[in-house]
There are 2 protein chains.
Amino acid sequence: MNTTIKDIARIAGVSYSTVSKALNDNPLVAPRTKAKVVEVARQMGYQPNMVAKSLVSKKSNIIGVVWPRAERFTWSSLVTQINNTLAARSYNMLLSINPVDSAIAVFSQFRVDAILLFREYIMDNLQVNPPASAPILHYGSPIVSGYPTINVNRKKAMFEAVRYLHQLGHTRISYIGDLSQMDLTQQEKQAGFQAAALQFQLAAHPDMMLNTQDNSPDSGYQIGKQMIASAFQPTAIVIGSYGLSVGVMRALEEAHIRVPADLSVISYDNIPQMVNFSVPLTVVGANVECVADMIVSTLIHLVENPAIVAHYTEIDVELVERSSCGPPRLGDMSAKIGI
Amino acid sequence: MNTTIKDIARIAGVSYSTVSKALNDNPLVAPRTKAKVVEVARQMGYQPNMVAKSLVSKKSNIIGVVWPRAERFTWSSLVTQINNTLAARSYNMLLSINPVDSAIAVFSQFRVDAILLFREYIMDNLQVNPPASAPILHYGSPIVSGYPTINVNRKKAMFEAVRYLHQLGHTRISYIGDLSQMDLTQQEKQAGFQAAALQFQLAAHPDMMLNTQDNSPDSGYQIGKQMIASAFQPTAIVIGSYGLSVGVMRALEEAHIRVPADLSVISYDNIPQMVNFSVPLTVVGANVECVADMIVSTLIHLVENPAIVAHYTEIDVELVERSSCGPPRLGDMSAKIGI
DNA sequence: TTGTACGCGTTATCAG
DNA sequence: CTGATAACGCGTACAA
């Protein structure tokens, strides 16, 4: 049995309402009484029952996070960061990797203070029924959802990636990414690339846009080989995600294509793991700490301000220069392969 | 304002205790009444308040997981799996990546039903004070902690890895891993390797055991290069973790060492990502689903059985054969003659 | 079969 | 300053 304020009251010889006050730094209690109560509580190993606390205060200090897939590497560092930032503000995090609807239902039942919703696919149902009992913050998708939304400016990220390569002198640039219609975040990246291709008058070619269908290393590997063999022969490539980069880099190494001597590579996803390639990758993407800070402060704002109006916040990206990009090579790729 | 059973009672024209019964499939309520109540509840979008529920039932249906580091990839698939298994048994998971003590304190305050404790380092303090209000299950460390403990038999894993290589004909085998004294799980692996080295009379050499100090790809890379240049020249290597393998494989590729033609490689950590190397890695380690199942059922057992006795459960490992191991290269066959 | 009353551990509002 | 007492939403003996 856990000790309660009533137990403390009995031992300390006061009423339990006095104990409550003493333990909550309520000024309406004599310093001597307070000291005594605190001491007794300490001795008895008292730990406040948050369950009872939330029942009366209607606040749980828990943020529910709907996380579709924990294995998805790119987001695990973000979730970690969010948890840390949340802890610093004395909130706790309840994770669910169930489907959106059921996850929200569970969170509603536990009366979390707010819900953070990671979402990738356009077909995930957002019509929550019955409606959630807590404000929802939506992350990871560029559409207006009726909920407050935070999104990384992926379009701009890709635009900047191309601009960077263009400044280095590249004009034949390929895009390797998931071009499917389902995932809006992928579409944004694609759109950013294409806008830049137009603006900087890149060489156009049927094999310029390479569709991996998904973000797995395996698809990256397959499409990487396809890119190497294609007629387009780009001098630089832009890759849509970390997972794809893993596979593409494998394909490149197998074909003994040197990065950046033979081919410049830039990838989306600004995460530390990008250093762990045979050549550390230059990347574009939002800084994880930035995103976490933005998410957490918005979340807390949502909790504290009862009247929430839907809004859309865009997070800016940064380009992290490492060793995978350089000027275009002099001859073409096939000439180099013999070395 | 969320709807409560009192609201439902008013609309349905019954008392709220009847509502409670109807919603909990209590047989002491007429089918007609029950149907009506259920219908009203549905229409009003009623969601039971788990907070109030746990206050009275003293059960939260939450399992707290103390997770030192979410970035550590090896465990993220395990956590995912545990979450799924838990959900199937209608439990929820509260994650904390805070230090052990504070994480347990928070969980105690939320009155979680049980706590799962991932722990790596020997110096993490386990003397929880004040004591946790829920049973603790300890995972990931071979020592007896006073708590029920589940542990993977890493020693046997490494032994089997060596046995496998030995059967393939190898006698000069190196171990690349974290040999520091702090982390008991790493020590177990090392001990398993050394026991096998003795049993199978492997060639001994000062450069046989290579200490990476940690499990980062970068250390793997450095030590990998060191191994390549060493006087020992093993025909096979055993790697202590996924992270290290990432770095070692990079070093191998850079040096144009073919796997398994020039060098056989086997690694600890039985996770799907092991396929995503230039050559899919043969591995040893516990099956993640197995571990998750064991952990979850033990957890639930702990919750349901009030009197818990400390015990120690060991999980068996499996060897997953892929393409990174073969017979020693020809120049070394002389060593095999004696067998 | 249904309704009443109490308790779970807290906070908050009043009297004293 | 301190101590009753009423919520908070729900389950559950027990009474009707």
# chains A, B, ... in the order shown; residues from 1 in each chain; ligands from 1

call {"tool": "calpha_fit_rmsd", "arguments": {"fixed": "chain A", "moving": "chain B"}}
result
3.1 Å

call {"tool": "closest_atom_pairs", "arguments": {"of": "chain A", "to": "chain D", "cutoff": "10 Å", "atoms": "only C-alpha atoms (C1' of nucleotides)", "output": "JSON lines"}}
result
{"residue": "A:Val14", "atom": "CA", "partner": "D:DT2", "partner_atom": "C1'", "distance": 8.4}
{"residue": "A:Ser15", "atom": "CA", "partner": "D:DG3", "partner_atom": "C1'", "distance": 6.1}
{"residue": "A:Tyr16", "atom": "CA", "partner": "D:DG3", "partner_atom": "C1'", "distance": 8.4}
{"residue": "A:Ser17", "atom": "CA", "partner": "D:DG3", "partner_atom": "C1'", "distance": 7.2}
{"residue": "A:Thr18", "atom": "CA", "partner": "D:DT2", "partner_atom": "C1'", "distance": 6.8}
{"residue": "A:Pro27", "atom": "CA", "partner": "D:DC1", "partner_atom": "C1'", "distance": 9.5}
{"residue": "A:Leu28", "atom": "CA", "partner": "D:DC1", "partner_atom": "C1'", "distance": 6.2}
{"residue": "A:Val29", "atom": "CA", "partner": "D:DC1", "partner_atom": "C1'", "distance": 5.8}
{"residue": "A:Ala30", "atom": "CA", "partner": "D:DC1", "partner_atom": "C1'", "distance": 6.4}
{"residue": "A:Thr33", "atom": "CA", "partner": "D:DC1", "partner_atom": "C1'", "distance": 9.8}
{"residue": "A:Ala52", "atom": "CA", "partner": "D:DC8", "partner_atom": "C1'", "distance": 8.6}
{"residue": "A:Lys53", "atom": "CA", "partner": "D:DC8", "partner_atom": "C1'", "distance": 9.3}
{"residue": "A:Ser54", "atom": "CA", "partner": "D:DC8", "partner_atom": "C1'", "distance": 8.6}
{"residue": "A:Leu55", "atom": "CA", "partner": "D:DC8", "partner_atom": "C1'", "distance": 5.2}
{"residue": "A:Val56", "atom": "CA", "partner": "D:DC8", "partner_atom": "C1'", "distance": 4.5}
{"residue": "A:Ser57", "atom": "CA", "partner": "D:DC8", "partner_atom": "C1'", "distance": 7.8}
{"residue": "A:Lys58", "atom": "CA", "partner": "D:DC8", "partner_atom": "C1'", "distance": 8.0}

call {"tool": "closest_residue", "arguments": {"among": "A:Gln213, A:Ser96, A:Gln187, A:Ser20", "to": "chain B", "atoms": "only C-alpha atoms"}}
result
A:Ser96

call {"tool": "interface_residues", "arguments": {"of": "chain B", "to": "chain A", "cutoff": "7 Å", "atoms": "only C-alpha atoms", "output": "PyMOL selection string"}}
result
chain B and resi 2+45+47-52+55+70-71+76-77+80+93-95+109-110+130+133+217+250+276+278

call {"tool": "select_by_dssp", "arguments": {"residues": "region 27-174 of chain B", "states": "alpha helix (DSSP H)", "output": "ChimeraX atom specification"}}
result
/B:31-43,50-57,73-88,100-109,154-167

call {"tool": "closest_atom_pairs", "arguments": {"of": "chain C", "to": "chain B", "cutoff": "9 Å", "atoms": "only C-alpha atoms (C1' of nucleotides)", "output": "Markdown table"}}
result
| residue | atom | partner | partner_atom | distance |
| --- | --- | --- | --- | --- |
| C:DT1 | C1' | B:Val29 | CA | 6.2 |
| C:DT2 | C1' | B:Thr18 | CA | 6.9 |
| C:DG3 | C1' | B:Ser15 | CA | 6.2 |
| C:DG7 | C1' | B:Val56 | CA | 7.9 |
| C:DC8 | C1' | B:Val56 | CA | 4.5 |
| C:DG9 | C1' | B:Leu55 | CA | 7.7 |

call {"tool": "write_last_selection", "arguments": {"atoms": "C-alpha atoms (C1' of nucleotides)", "output": "PDB file, in the first residue's frame"}}
result
ATOM      1  C1'  DT C   1     -33.590  -5.457 -12.042  1.00  0.00           C
ATOM      2  C1'  DT C   2     -32.450  -0.748 -10.520  1.00  0.00           C
ATOM      3  C1'  DG C   3     -30.902   2.945  -7.456  1.00  0.00           C
ATOM      4  C1'  DG C   7     -14.541   5.322  -1.217  1.00  0.00           C
ATOM      5  C1'  DC C   8     -10.304   5.891  -4.233  1.00  0.00           C
ATOM      6  C1'  DG C   9      -6.285  10.351  -3.144  1.00  0.00           C
TER       7       DG C   9
END

call {"tool": "select_by_dssp", "arguments": {"residues": "region 49-228 of chain B", "states": "strand (DSSP E)", "output": "ChimeraX atom specification"}}
result
/B:62-66,92-96,114-118,136-139,149-152,173-177,209-211

call {"tool": "decode", "arguments": {"residues": "chain D", "atoms": "N, CA and C atoms (P, O5', C5', C4', C3', O3' and C1' of nucleotides)", "output": "PDB file, in the first residue's frame"}}
result
ATOM      1  P    DC D   1       1.127  32.613  10.064  1.00  0.00           P
ATOM      2  O5'  DC D   1       0.304  31.439  10.739  1.00  0.00           O
ATOM      3  C5'  DC D   1       0.155  30.171  10.064  1.00  0.00           C
ATOM      4  C4'  DC D   1      -1.034  29.591  10.751  1.00  0.00           C
ATOM      5  C3'  DC D   1      -1.345  28.158  10.365  1.00  0.00           C
ATOM      6  O3'  DC D   1      -1.036  27.336  11.480  1.00  0.00           O
ATOM      7  C1'  DC D   1      -3.328  29.490  10.516  1.00  0.00           C
ATOM      8  P    DT D   2      -0.812  25.801  11.263  1.00  0.00           P
ATOM      9  O5'  DT D   2      -2.280  25.220  11.264  1.00  0.00           O
ATOM     10  C5'  DT D   2      -2.998  25.156  12.484  1.00  0.00           C
ATOM     11  C4'  DT D   2      -4.404  24.682  12.221  1.00  0.00           C
ATOM     12  C3'  DT D   2      -4.510  23.318  11.529  1.00  0.00           C
ATOM     13  O3'  DT D   2      -5.094  22.419  12.461  1.00  0.00           O
ATOM     14  C1'  DT D   2      -6.058  24.903  10.642  1.00  0.00           C
ATOM     15  P    DG D   3      -5.145  20.865  12.111  1.00  0.00           P
ATOM     16  O5'  DG D   3      -6.697  20.733  11.751  1.00  0.00           O
ATOM     17  C5'  DG D   3      -7.657  21.285  12.635  1.00  0.00           C
ATOM     18  C4'  DG D   3      -9.037  21.207  12.016  1.00  0.00           C
ATOM     19  C3'  DG D   3      -9.351  19.862  11.349  1.00  0.00           C
ATOM     20  O3'  DG D   3     -10.694  19.528  11.646  1.00  0.00           O
ATOM     21  C1'  DG D   3      -9.651  21.596   9.780  1.00  0.00           C
ATOM     22  P    DA D   4     -11.042  18.020  11.825  1.00  0.00           P
ATOM     23  O5'  DA D   4     -12.598  18.014  11.536  1.00  0.00           O
ATOM     24  C5'  DA D   4     -12.988  17.899  10.211  1.00  0.00           C
ATOM     25  C4'  DA D   4     -14.169  18.803   9.923  1.00  0.00           C
ATOM     26  C3'  DA D   4     -15.129  18.123   8.965  1.00  0.00           C
ATOM     27  O3'  DA D   4     -16.450  18.545   9.204  1.00  0.00           O
ATOM     28  C1'  DA D   4     -14.040  19.950   7.884  1.00  0.00           C
ATOM     29  P    DT D   5     -17.604  17.684   8.546  1.00  0.00           P
ATOM     30  O5'  DT D   5     -17.601  18.110   7.012  1.00  0.00           O
ATOM     31  C5'  DT D   5     -17.768  19.501   6.693  1.00  0.00           C
ATOM     32  C4'  DT D   5     -17.786  19.665   5.182  1.00  0.00           C
ATOM     33  C3'  DT D   5     -18.252  18.425   4.408  1.00  0.00           C
ATOM     34  O3'  DT D   5     -19.078  18.851   3.349  1.00  0.00           O
ATOM     35  C1'  DT D   5     -16.184  19.100   3.586  1.00  0.00           C
ATOM     36  P    DA D   6     -20.016  17.808   2.641  1.00  0.00           P
ATOM     37  O5'  DA D   6     -20.020  18.344   1.144  1.00  0.00           O
ATOM     38  C5'  DA D   6     -20.038  19.754   0.899  1.00  0.00           C
ATOM     39  C4'  DA D   6     -19.277  20.059  -0.380  1.00  0.00           C
ATOM     40  C3'  DA D   6     -19.664  19.175  -1.573  1.00  0.00           C
ATOM     41  O3'  DA D   6     -19.695  19.982  -2.725  1.00  0.00           O
ATOM     42  C1'  DA D   6     -17.359  19.001  -1.192  1.00  0.00           C
ATOM     43  P    DA D   7     -20.490  19.529  -4.016  1.00  0.00           P
ATOM     44  O5'  DA D   7     -19.736  18.146  -4.336  1.00  0.00           O
ATOM     45  C5'  DA D   7     -19.493  17.798  -5.670  1.00  0.00           C
ATOM     46  C4'  DA D   7     -18.196  18.444  -6.157  1.00  0.00           C
ATOM     47  C3'  DA D   7     -17.634  17.669  -7.339  1.00  0.00           C
ATOM     48  O3'  DA D   7     -17.510  18.533  -8.441  1.00  0.00           O
ATOM     49  C1'  DA D   7     -15.998  17.878  -5.565  1.00  0.00           C
ATOM     50  P    DC D   8     -17.974  17.968  -9.889  1.00  0.00           P
ATOM     51  O5'  DC D   8     -16.691  17.256 -10.493  1.00  0.00           O
ATOM     52  C5'  DC D   8     -15.404  17.854 -10.502  1.00  0.00           C
ATOM     53  C4'  DC D   8     -14.373  16.771 -10.760  1.00  0.00           C
ATOM     54  C3'  DC D   8     -14.961  15.507 -11.388  1.00  0.00           C
ATOM     55  O3'  DC D   8     -14.727  15.533 -12.783  1.00  0.00           O
ATOM     56  C1'  DC D   8     -13.376  15.027  -9.613  1.00  0.00           C
ATOM     57  P    DG D   9     -15.940  15.153 -13.787  1.00  0.00           P
ATOM     58  O5'  DG D   9     -15.830  13.571 -13.835  1.00  0.00           O
ATOM     59  C5'  DG D   9     -14.725  12.973 -14.488  1.00  0.00           C
ATOM     60  C4'  DG D   9     -14.751  11.487 -14.245  1.00  0.00           C
ATOM     61  C3'  DG D   9     -16.040  10.801 -14.697  1.00  0.00           C
ATOM     62  O3'  DG D   9     -15.683   9.726 -15.524  1.00  0.00           O
ATOM     63  C1'  DG D   9     -15.533  10.238 -12.444  1.00  0.00           C
ATOM     64  P    DC D  10     -16.727   8.683 -16.055  1.00  0.00           P
ATOM     65  O5'  DC D  10     -16.529   7.536 -14.984  1.00  0.00           O
ATOM     66  C5'  DC D  10     -15.293   6.828 -14.969  1.00  0.00           C
ATOM     67  C4'  DC D  10     -15.220   5.929 -13.773  1.00  0.00           C
ATOM     68  C3'  DC D  10     -16.222   4.778 -13.784  1.00  0.00           C
ATOM     69  O3'  DC D  10     -15.507   3.581 -14.056  1.00  0.00           O
ATOM     70  C1'  DC D  10     -16.016   5.793 -11.623  1.00  0.00           C
ATOM     71  P    DG D  11     -16.309   2.230 -14.303  1.00  0.00           P
ATOM     72  O5'  DG D  11     -16.247   1.533 -12.870  1.00  0.00           O
ATOM     73  C5'  DG D  11     -15.017   1.038 -12.434  1.00  0.00           C
ATOM     74  C4'  DG D  11     -15.142   0.454 -11.043  1.00  0.00           C
ATOM     75  C3'  DG D  11     -16.052  -0.783 -10.943  1.00  0.00           C
ATOM     76  O3'  DG D  11     -15.413  -1.693 -10.066  1.00  0.00           O
ATOM     77  C1'  DG D  11     -16.841   0.902  -9.476  1.00  0.00           C
ATOM     78  P    DT D  12     -15.935  -3.176  -9.967  1.00  0.00           P
ATOM     79  O5'  DT D  12     -16.706  -3.182  -8.573  1.00  0.00           O
ATOM     80  C5'  DT D  12     -16.167  -2.440  -7.479  1.00  0.00           C
ATOM     81  C4'  DT D  12     -17.143  -2.516  -6.321  1.00  0.00           C
ATOM     82  C3'  DT D  12     -18.140  -3.677  -6.413  1.00  0.00           C
ATOM     83  O3'  DT D  12     -18.370  -4.160  -5.111  1.00  0.00           O
ATOM     84  C1'  DT D  12     -19.304  -1.669  -6.224  1.00  0.00           C
ATOM     85  P    DA D  13     -18.419  -5.745  -4.912  1.00  0.00           P
ATOM     86  O5'  DA D  13     -18.316  -5.902  -3.322  1.00  0.00           O
ATOM     87  C5'  DA D  13     -19.452  -6.214  -2.644  1.00  0.00           C
ATOM     88  C4'  DA D  13     -19.801  -5.107  -1.652  1.00  0.00           C
ATOM     89  C3'  DA D  13     -21.052  -5.479  -0.855  1.00  0.00           C
ATOM     90  O3'  DA D  13     -20.869  -5.160   0.525  1.00  0.00           O
ATOM     91  C1'  DA D  13     -21.435  -3.476  -2.102  1.00  0.00           C
ATOM     92  P    DC D  14     -21.775  -5.915   1.532  1.00  0.00           P
ATOM     93  O5'  DC D  14     -23.128  -5.058   1.494  1.00  0.00           O
ATOM     94  C5'  DC D  14     -23.035  -3.647   1.684  1.00  0.00           C
ATOM     95  C4'  DC D  14     -24.365  -2.998   1.359  1.00  0.00           C
ATOM     96  C3'  DC D  14     -25.591  -3.838   1.772  1.00  0.00           C
ATOM     97  O3'  DC D  14     -26.454  -3.034   2.537  1.00  0.00           O
ATOM     98  C1'  DC D  14     -25.831  -3.049  -0.430  1.00  0.00           C
ATOM     99  P    DA D  15     -27.675  -3.688   3.322  1.00  0.00           P
ATOM    100  O5'  DA D  15     -28.842  -2.693   2.885  1.00  0.00           O
ATOM    101  C5'  DA D  15     -28.554  -1.302   2.748  1.00  0.00           C
ATOM    102  C4'  DA D  15     -29.578  -0.664   1.807  1.00  0.00           C
ATOM    103  C3'  DA D  15     -31.031  -1.074   2.094  1.00  0.00           C
ATOM    104  O3'  DA D  15     -31.850   0.073   2.002  1.00  0.00           O
ATOM    105  C1'  DA D  15     -30.466  -1.594  -0.147  1.00  0.00           C
ATOM    106  P    DA D  16     -33.329  -0.020   2.397  1.00  0.00           P
ATOM    107  O5'  DA D  16     -34.072  -0.077   1.002  1.00  0.00           O
ATOM    108  C5'  DA D  16     -34.141   1.101   0.189  1.00  0.00           C
ATOM    109  C4'  DA D  16     -34.806   0.736  -1.123  1.00  0.00           C
ATOM    110  C3'  DA D  16     -36.226   0.193  -1.002  1.00  0.00           C
ATOM    111  O3'  DA D  16     -37.086   0.964  -1.804  1.00  0.00           O
ATOM    112  C1'  DA D  16     -34.921  -1.149  -2.439  1.00  0.00           C
TER     113       DA D  16
END
